[in-house]
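Read the structure below first, then the notes.
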Protein chains: 2
Amino acid sequence: MDIPSFVTSILTSLAVFVVLVLVFTWLSRRPGNATVYYPSLLLRGLDPWEGRGRGTRSPVGWIRQAFTASEPDVVAAGGVDAAVYLVFLSSMFAILAFAGIVLLPVLLPIAGTDNALEDSTGRMPPNVTHFEILSLANIEDRSMRLWAFISAVYWVSFVTYFILWRSYKHVSNLRAAARSTSGVKPQEFAMLVRDVPIPPPDQTIKDSVDSYFRALHPDTFYKAMVVTDITKADKIFQEIEGHKRKIAHAEAVYAESKTANRSEGTRPTHKTGFLGLIGKKVDTIEYCNEQIKDFLPKLEDERKSALSEKQQRAAFVFFNSRAAAASASQTLHAQMFDEWTVAEAPEPREVIWANLPRKIYDRHTRQTVVYLIVFVTVAFYMIPITAISAVTTLEKLREKLPFLKVVVDQPFVKTVLQAYLPQIALIVFLAVLPTLLVSLSKSEGIPSQSHVVRAASGKYFYFIVFNVFIGYAIGSSLFSALEKVIKNPPGIFMTLATRLPGNATFFFTFVALRCFVGYGLELSRLVPLIIFHLKRKYQCKTEEEVRAAWVPGNLRYNTRVPNDMLIVTIVLCYSVITPLILPFGVAYFALGWLIAKNQVLRVYVPSYESNGRMWPHMHTRIIAALMIYQATMIGIISLKKFYYSTILAPLLVISLIFAHTCHARFYPAFAKTPLEVASQQLKETPNMSAIYTAYIPPCLKPDKLQDVQVFEDAQSRTTSRAPSF
Amino acid sequence: MDIPSFVTSILTSLAVFVVLVLVFTWLSRRPGNATVYYPSLLLRGLDPWEGRGRGTRSPVGWIRQAFTASEPDVVAAGGVDAAVYLVFLSSMFAILAFAGIVLLPVLLPIAGTDNALEDSTGRMPPNVTHFEILSLANIEDRSMRLWAFISAVYWVSFVTYFILWRSYKHVSNLRAAARSTSGVKPQEFAMLVRDVPIPPPDQTIKDSVDSYFRALHPDTFYKAMVVTDITKADKIFQEIEGHKRKIAHAEAVYAESKTANRSEGTRPTHKTGFLGLIGKKVDTIEYCNEQIKDFLPKLEDERKSALSEKQQRAAFVFFNSRAAAASASQTLHAQMFDEWTVAEAPEPREVIWANLPRKIYDRHTRQTVVYLIVFVTVAFYMIPITAISAVTTLEKLREKLPFLKVVVDQPFVKTVLQAYLPQIALIVFLAVLPTLLVSLSKSEGIPSQSHVVRAASGKYFYFIVFNVFIGYAIGSSLFSALEKVIKNPPGIFMTLATRLPGNATFFFTFVALRCFVGYGLELSRLVPLIIFHLKRKYQCKTEEEVRAAWVPGNLRYNTRVPNDMLIVTIVLCYSVITPLILPFGVAYFALGWLIAKNQVLRVYVPSYESNGRMWPHMHTRIIAALMIYQATMIGIISLKKFYYSTILAPLLVISLIFAHTCHARFYPAFAKTPLEVASQQLKETPNMSAIYTAYIPPCLKPDKLQDVQVFEDAQSRTTSRAPSF
């Protein structure tokens with residue numbers, strides 16, 4: 001890529017970004033869009049326009065707000081997880097900024113004044129770009145100037161260690177603070193028990209759980225709730241809920257038709273068959289009401305049978321103090337490890353009920369199988385895609401889906417499709433991949449949503465670093481690269497060292513595109529905006545439906561974090577080769593932090609709170625990126641025939657020691673709850689009954705609250721010997 | 001080695017064994033030797049001759065007794081550790097016996113009827129032994145008979161899995177039974193705390209420990225004992241004890257001289273200088289009494305200063321129930337991992353006080369350094385030995401130690417010494433090695449004696465397997481072997497495969513020697529017997545000194561287990577190559593079990609009780625031996641150009657899965673105390689004060705028991721809020 005086209009692409013990205021920011025500024029002022037741009041505020045009952053006249057709603061008002069919002073504000077809006085994600089972004093910003101401050105003024109002149117790229121006449125060949133002149137490529141072999149580059153690698157590494165250590169400490173404190181707040185959180189009083197052994201025939205699982213834990217924790221045991229098989233109950237419950245929504249919708253339509261025609265109106269009807277397309281035509285409201293009437297007793301029966309007959313071999317055990325729950329969940333209970341395994345309870349809202357009863361061996365087997373599948377996917381994903389696109393030719397597509405004929409037969413569309421079919425297959429695969437990884441992680445038997453997100457994020461990280469970064473740089477599919485790696489493992493870094501400098505402009509453009517266009521789209525929320533307005537116009541009739549159309553998701557860490565991590569890997573690896581990439585990296589994380597903070601404060605709504613459990617995961621992967629960088633640099637410097645390149649080797653050892661030390665020092669407080677933290681005094685006496693009720697799955701929850709007592713009695717036939725407080 | 005000399009060596013070993021057993025039978029009947037052959041019985045206050053007339057003291061009486069003794073008897077005599085060691089021996093016996101039952105009748109005919117070793121005329125060359133004819137070496141390349149050998153490897157492996165699984169289960173139950181006995185053991189009420197953070201200036205360490213644990217365990221905390229620097233106090237205490245012993249000895253000598261001379265007698269004297277050789281001559285009794293008088297106040301001062309000023313950053317924390325202690329020692333206390341690290345308390349008698357205050361980073365560093373030293377020792381130990389023997393020629397020895405001249409100048413001695421100096425250096429090295437490994441392990445910062453023994457045993461296992469087994473088989477020093485291994489890691493198994501069959505007779509002889517001569521010496525206890533009688537005759541004057549001369553040590557697992565493990569490795573590796581080795585292996589473990597049981601019941605006295613903590617350590621190493629065997633067999637079968645040799649590869653994977661499964665299932669109950677086990681009811685109300693006193697180091701323990709209260713007050717200035725029971 002030559003300089004003009006490179007500059008053009010960067011400028012285009014920048015222009016797109018400016019346009020999108022302007023669009024955002026204009027759209028976000030319109031009250032009709034409040035639900036798109038301020039859903040988090042609305043859901044927390046805050047007024048988006050509060051205290052802001054026309055004047056303060058300046059185009060940069062959101063920037064000022066994002067800057068002035070403190071960490072407690074962020075925690076209040078998006079939870080500790082969001083705050084930790086911002087710490088991650090600001091740490092990456094700090095690392096790259098500190099690196100840039102030293103590397104740019106030092107390395108650019110050193111590289112610029114050397115002349116390895118000059119031809120024999122002492123002039124630069126015309127095809128050499130300024131990028132290359134200002135990079136390591138312009139340093140002559142065996143030049144003493146390489147010492148500056150070696151020192152630069154040390155500088156970047158130690159800056160990374162320093163910032164990461166501080167951040168880990170900061171996140172640890174954040175987590176401890178969140179865990180020791182005086183508010184009552186149900187999960188802090190509960191413990192998850194799995195692998196409950198089969199009880200003797202005269203005992204139910206519930207009884208055996210109760211008697212086991214009452215014997216072991218006579219003073220602190222409050223109650224136990226056995227997990228039941230709620231698949232069927234949940235299905236009926238969803239049917240009823242669906243019918244309720246249909247009635248509400250139909251009533252709104254009916255009311256509308258009355259006002260429109262100033263008459264009796266037409267009662268809405270639908271067909272009962274497949275997708276409402278076939279079958280008997282019925283009056284929607286009447287039909288649904290009847291259906292609900294039919295289903296309600298079924299649900300009641302199913303509830304009862306679930307509670308008594310469908311008990312599973314897993315349970316939540318509740319304690320009357322946080323310290324007791326923390327201590328119990330860290331204590332080995334049974335002599336045999338495959339019985340009565342205990343763990344900290346996840347939040348009620350993020351429990352994956354179906355995974356709880358899975359046995360320990362089942363979990364291990366599933367995990368192994370999933371890792372194999374992921375490995376095969378990461379390594380060989382190109383094979384099925386090329387195969388699919390080879391088989392699915394346009395002709396066959398026409399045969400199979402005749403209604404596409406009209407479109408496909410147009411000459412222009414035909415050409416485009418024929419040319420791009422493999423790429424389309426790839427794009428579809430890449431779009432589906434995160435969801436696939438989430439469902440793969442879920443099938444491992446992980447008990448909580450937040451853990452699934454972490455597991456999926458880890459898998460996506462492997463995919464993206466291996467395929468996008470190493471794959472593109474090596475210029476071959478990972479398949480053939482793997483062959484080389486198996487023959488000579490350290491060889492991959494030599495290959496990277498050979499190929500990386502030549503690919504600089506591609507990755508420059510990549511970072512710029514991600515930064516400007518990606519964040520521009522993120523900020524302006526054009527896609528959610530369009531979807532919302534379309535849905536409101538054509539689909540939503542009731543308040544609830546409108547609300548469902550605008551309620552935002554959470555931050556989707558499972559794709560967000562690996563994508564950021566890819567940028568970290570790219571920018572670190574190029575930081576010393578072509579220091580000019582550093583400003584782009586700095587811009588990416590500066591903008592990223594600003595926009596993520598804005599989105600956390602105003603848009604996204606967390607669907608769980610893991611108290612920063614994501615951080616150790618990110619920390620490990622940052623160090624992995626750092627080590628890829630260090631190993632690549634050893635290769636690059638030794639390619640310059642510089643014998644001192646091995647002076648960089650200790651860095652790899654230092655990185656490992658650093659990772660190990662951080663893990664030993666900080667990680668236990670993420671994996672377990674320290675007693676120090678759990679023993680903080682509570683402001684109020686915990687309402688144990690409410691804590692217990694929080695863990696009843698929605699489909700089993702009785703409609704009226706006074707019925708909870710009935711439910712509890714059914715669940716907990718034996719009452720606690722030490723009823724606490 | 002040809003057949004006649006091999007048979008001769010085996011028969012010699014057997015003859016030595018028979019002679020030693022007869023010697024044992026004769027000597028052990030003499031009442032004067034009771035302290036050598038029945039010390040354990042004497043110490044437990046039992047009469048060695050009880051209920052046994054002349055008739056029952058038959059030559060095989062001890063065999064009958066060893067057979068009839070039940071496992072509870074063994075536990076009573078030697079603790080769970082001894083019982084677990086016997087389980088180890090009997091498991092190995094079972095594995096080899098089951099292997100032999102199938103392999104001998106199946107493989108010997110298959111090998112014996114093939115004719116790979118015949119020369120072209122169809123006759124066996126005269127230098128081929130019967131061993132070789134009955135071994136894998138006699139199978140022709142690509143022969144279908146190799147299927148039998150492959151199946152044999154599978155049979156041996158699955159027998160091993162089966163026996164190991166049963167044994168692990170059995171040992172787990174043994175451990176659980178021992179841990180849940182209703183007797184009060186101080187260590188079950190205590191927890192070891194290390195890495196206590198530096199307290200604020202106005203607090204002592206004691207205060208900060210007290211307040212920290214009282215806050216976190218308000219209901220179960222009993223008291224804390226801060227570890228103090230007792231180096232100086234212990235030194236003074238040892239001086240006093242030494243002087244006391246000297247007085248007792250001198251008084252006995254004095255009394256003897258009175259009786260002998262029927263007069264006043266001569267008061268014993270000694271010189272105060274170095275080793276009693278130089279210095280002023282003094283009356284021993286008077287001098288020592290004065291010394292004690294001098295030292296006593298010093299000890300008192302030192303005691304006080306140790307308690308108040310020399311507090312270290314480690315402590316024992318006592319709880320008022322076993323379950324509370326078990327739960328607390330498994331719970332993460334501090335948010336930072338390098339503060340307030342907790343662990344189960346070791347038994348008072350096996351605490352290594354000097355190691356307790358070591359900080360976590362110090363411990364990690366020491367461990368790394370020790371592992372490096374051990375690696376270097378294992379890999380390169382031949383270098384210093386050859387270097388030493390090269391430098392220390394006989395001439396130089398003569399110059400340095402002139403008094404050796406008389407001996408060294410004799411022509412015979414001279415020749416022998418010159419020829420054997422390197423061998424002598426090697427023997428000295430091998431004799432010193434176990435002690436060296438123990439002190440290396442101790443310097444890692446391990447808090448208990450039993451853990452040090454395990455660590456030293458692991459190190460000795462590496463040494464012995466790599467140097468004796470692989471080293472001898474490969475026929476070169478490990479140094480040059482290492483070079484090959486680094487270049488091509490799986491190559492070592494191919495080398496083993498090439499070399500092992502040729503070395504069969506060496507290892508046969510080795511196993512037989514270890515079995516017959518080793519166990520003969522063990523049973524007859526000739527060396528302790530001679531030492532005891534010499535000491536009693538020439539040195540011991542008081543009852544206490546005689547007692548010190550015969551008190552036996554413990555089983556010394558640190559050398560015993562690795563040596564047994566070496567035999568396991570050898571016999572397993574040869575089991576299919578030359579099945580004739582199996583009877584020797586079976587004999588080794590059968591005799592080993594019998595003699596070890598006899599020694600446990602009558603001789604050795606355990607110096608600590610780790611409740612079978614050694615088992616997981618042994619289990620892992622047995623599987624390591626099994627995997628060496630499996631990998632070697634792949635090599636050997638593929639050397640026969642048999643393409644199906646890879647059919648053995650899954651065995652390696654199965655072994656890993658087996659090891660992992662065992663670890664996951666059984667190991668946690670060895671690393672931690674399951675709450676199930678700790679919650680068993682106690683027979684008696686524990687005497688907390690006695691539990692506390694048990695952990696006072698001997699040099700700090702007041703002479704009179706009523707003074708303990710004073711000591712406690714000094715140690716625990718603040719009293720417990722919940723004084724328990």
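Chains: A, B, ... in order of the structure tokens. Residues: from 1 per chain. Ligands: from 1, in order shown.
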
Find the residues around B:Leu356 up to 9 Å (only C-alpha atoms counted), leave out those fewer than 5 positions away in its own chain, and share them as an NGL selection string.
-> :B and (192-194 or 227 or 312-315 or 351 or 445-447)

A:Cys573 environment, 12 Å, only C-alpha atoms, sequence neighbours closer than 3 positions dropped, as a ChimeraX atom specification = /A:96,153,156-157,469-470,473,493,496-497,499-501,503-504,507-508,566-570,576-579,581-582,585,624-636

Smallest atom-to-atom distance to A:Asp73: which of A:Leu41, A:Ala694, A:Val376, A:Val452, using only C-alpha atoms?
-> A:Leu41

Produce a table with one row for each residue of chain B that has an atom at most 7 Å from any atom of chain A, each row naming the nearest atom pair and its distance in Å at one decimal; use only C-alpha atoms; arrange rows by chain and rising residue number; format as CSV.
residue,atom,partner,partner_atom,distance
B:Leu216,CA,A:Ser679,CA,6.3
B:Ser327,CA,A:Thr331,CA,5.5
B:Gln330,CA,A:Thr331,CA,5.6
B:Thr331,CA,A:Ser327,CA,5.5
B:Leu332,CA,A:Pro674,CA,4.9
B:His333,CA,A:Leu675,CA,4.6
B:Ala334,CA,A:Pro674,CA,5.5
B:Gln335,CA,A:Ala669,CA,5.4
B:Met336,CA,A:Arg665,CA,5.8
B:Phe337,CA,A:Arg665,CA,4.5
B:Asp338,CA,A:Arg665,CA,5.8
B:Ala664,CA,A:Phe337,CA,6.5
B:Arg665,CA,A:Phe337,CA,4.6
B:Phe666,CA,A:Met336,CA,6.0
B:Pro668,CA,A:Phe337,CA,6.5
B:Ala669,CA,A:Gln335,CA,5.4
B:Lys672,CA,A:Leu332,CA,6.9
B:Thr673,CA,A:Leu332,CA,6.9
B:Pro674,CA,A:His333,CA,4.8
B:Leu675,CA,A:His333,CA,4.6
B:Glu676,CA,A:Ala334,CA,5.7
B:Ser679,CA,A:Leu216,CA,6.3

With C-alpha atoms retained, write the just-selected residues as a compact mmCIF listing (two decimals), in the first residue's frame.
# COMPACT_ATOMS: atom_id res chain seq x y z
CA LEU B 216 -12.93 -13.34 61.90
CA SER B 327 -12.77 -25.12 57.96
CA GLN B 330 -9.06 -24.12 54.19
CA THR B 331 -10.49 -20.62 54.01
CA LEU B 332 -8.71 -17.74 52.34
CA HIS B 333 -8.33 -15.12 55.03
CA ALA B 334 -6.65 -12.06 53.58
CA GLN B 335 -7.42 -10.31 50.37
CA MET B 336 -3.72 -10.28 49.50
CA PHE B 337 -2.38 -13.78 49.14
CA ASP B 338 0.98 -12.90 50.64
CA ALA B 664 -9.27 -35.37 41.38
CA ARG B 665 -11.13 -38.00 43.33
CA PHE B 666 -8.85 -38.84 46.23
CA PRO B 668 -8.28 -33.34 48.08
CA ALA B 669 -8.93 -35.48 51.17
CA LYS B 672 -7.27 -30.87 53.22
CA THR B 673 -9.40 -32.25 56.01
CA PRO B 674 -12.94 -32.97 54.79
CA LEU B 675 -15.53 -31.42 57.03
CA GLU B 676 -17.33 -34.76 57.18
CA SER B 679 -17.16 -33.19 62.37

Residue nearest A:Ala148 among A:Tyr287, A:Pro109, A:Ser450, A:Ala77 (counting only C-alpha atoms) =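 The shortest atom-to-atom distance to A:Ala148 comes from A:Pro109.
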
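With distances restricted to only C-alpha atoms, B:Phe316 is the closest residue to B:Val342 from B:Phe237, B:Phe461, B:Phe316, B:Tyr604.
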
Please measure the separation of atom CA of B:Arg602 and atom CA of B:Leu22, giving the value in Å to one decimal.
-> 17.9 Å

Tell me which protein, DNA and RNA residues are within 6 Å of stretch 514-529 of chain A, counting only C-alpha atoms, leaving out same-chain ones fewer than 4 positions away, and put them as a list in words.
-> Ser13, Leu14, Phe17, Leu20, Phe24 and Tyr588 of chain A

Requested write-out: N, CA and C atoms of the selected residues, as an mmCIF file, in the first residue's frame:
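Saved to selection_4.cif:
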data_model
loop_
_atom_site.group_PDB
_atom_site.id
_atom_site.type_symbol
_atom_site.label_atom_id
_atom_site.label_comp_id
_atom_site.auth_asym_id
_atom_site.auth_seq_id
_atom_site.Cartn_x
_atom_site.Cartn_y
_atom_site.Cartn_z
ATOM 1 N N SER A 13 -11.618 7.041 7.211
ATOM 2 C CA SER A 13 -12.087 6.544 8.495
ATOM 3 C C SER A 13 -12.395 7.696 9.436
ATOM 4 N N LEU A 14 -11.471 8.663 9.458
ATOM 5 C CA LEU A 14 -11.633 9.796 10.357
ATOM 6 C C LEU A 14 -12.886 10.580 9.989
ATOM 7 N N PHE A 17 -15.917 8.885 11.126
ATOM 8 C CA PHE A 17 -16.052 9.056 12.565
ATOM 9 C C PHE A 17 -16.673 10.409 12.894
ATOM 10 N N LEU A 20 -20.290 10.479 12.070
ATOM 11 C CA LEU A 20 -21.084 9.690 13.012
ATOM 12 C C LEU A 20 -21.241 10.416 14.339
ATOM 13 N N PHE A 24 -24.671 11.520 15.981
ATOM 14 C CA PHE A 24 -24.993 11.194 17.366
ATOM 15 C C PHE A 24 -25.439 12.434 18.121
ATOM 16 N N TYR A 588 -6.944 4.632 19.901
ATOM 17 C CA TYR A 588 -7.947 3.578 20.022
ATOM 18 C C TYR A 588 -8.411 3.433 21.461
#

Quick one: DSSP strand (DSSP E or B) residues in stretch 288-408 of chain A, as a PyMOL selection string?
-> chain A and resi 311-319+341-344+351

Selection export as a short mmCIF file (atom, residue, chain, number, x, y, z; two decimals), in the first residue's frame, atoms kept: C-alpha atoms:
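As written to disk, out.cif reads:
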data_model
loop_
_atom_site.label_atom_id
_atom_site.label_comp_id
_atom_site.auth_asym_id
_atom_site.auth_seq_id
_atom_site.Cartn_x
_atom_site.Cartn_y
_atom_site.Cartn_z
CA GLN A 311 -35.44 -33.11 42.47
CA GLN A 312 -31.98 -33.02 40.95
CA ARG A 313 -28.66 -33.85 42.54
CA ALA A 314 -27.67 -30.21 43.09
CA ALA A 315 -28.77 -27.61 45.62
CA PHE A 316 -28.31 -24.14 46.96
CA VAL A 317 -27.51 -24.05 50.67
CA PHE A 318 -28.17 -20.88 52.62
CA PHE A 319 -26.29 -19.72 55.70
CA THR A 341 -18.64 -30.52 45.69
CA VAL A 342 -19.23 -26.98 46.86
CA ALA A 343 -18.68 -23.60 45.22
CA GLU A 344 -19.68 -20.01 45.71
CA VAL A 351 -27.77 -19.07 37.20
#

Could you pull the residues within 7 Å of A:Ala345, counting only C-alpha atoms, minus those fewer than 3 positions along the same chain, as a short mmCIF file (atom, residue, chain, number, x, y, z; two decimals) with N, CA, C and O atoms, in the first residue's frame?
data_model
loop_
_atom_site.label_atom_id
_atom_site.label_comp_id
_atom_site.auth_asym_id
_atom_site.auth_seq_id
_atom_site.Cartn_x
_atom_site.Cartn_y
_atom_site.Cartn_z
N GLN A 187 -26.51 -13.88 46.90
CA GLN A 187 -25.45 -14.85 46.58
C GLN A 187 -24.39 -14.93 47.67
O GLN A 187 -23.66 -15.90 47.76
N ALA A 190 -25.29 -17.70 50.12
CA ALA A 190 -25.60 -19.02 49.57
C ALA A 190 -24.35 -19.73 49.10
O ALA A 190 -23.30 -19.13 48.91
N MET A 191 -24.47 -21.02 48.94
CA MET A 191 -23.39 -21.84 48.43
C MET A 191 -24.01 -22.82 47.45
O MET A 191 -25.11 -23.32 47.68
N LEU A 192 -23.32 -23.07 46.36
CA LEU A 192 -23.82 -24.02 45.37
C LEU A 192 -23.24 -25.39 45.68
O LEU A 192 -22.03 -25.54 45.84
#

Can you check which residues of stretch 129-213 of chain A DSSP gives as helix (DSSP H, G or I) on the backbone and send them as a ChimeraX atom specification?
-> /A:130-133,136-138,146-179,186-189,205-213

Enter the distance from atom CA of A:Ser40 to atom CA of A:Gly79, in Å, rounded to one decimal.
-> 11.9 Å

How far is it from atom CA of A:Ile657 to atom CA of A:Gly458, in Å with one decimal?
->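 These two atoms are separated by 21.7 Å.
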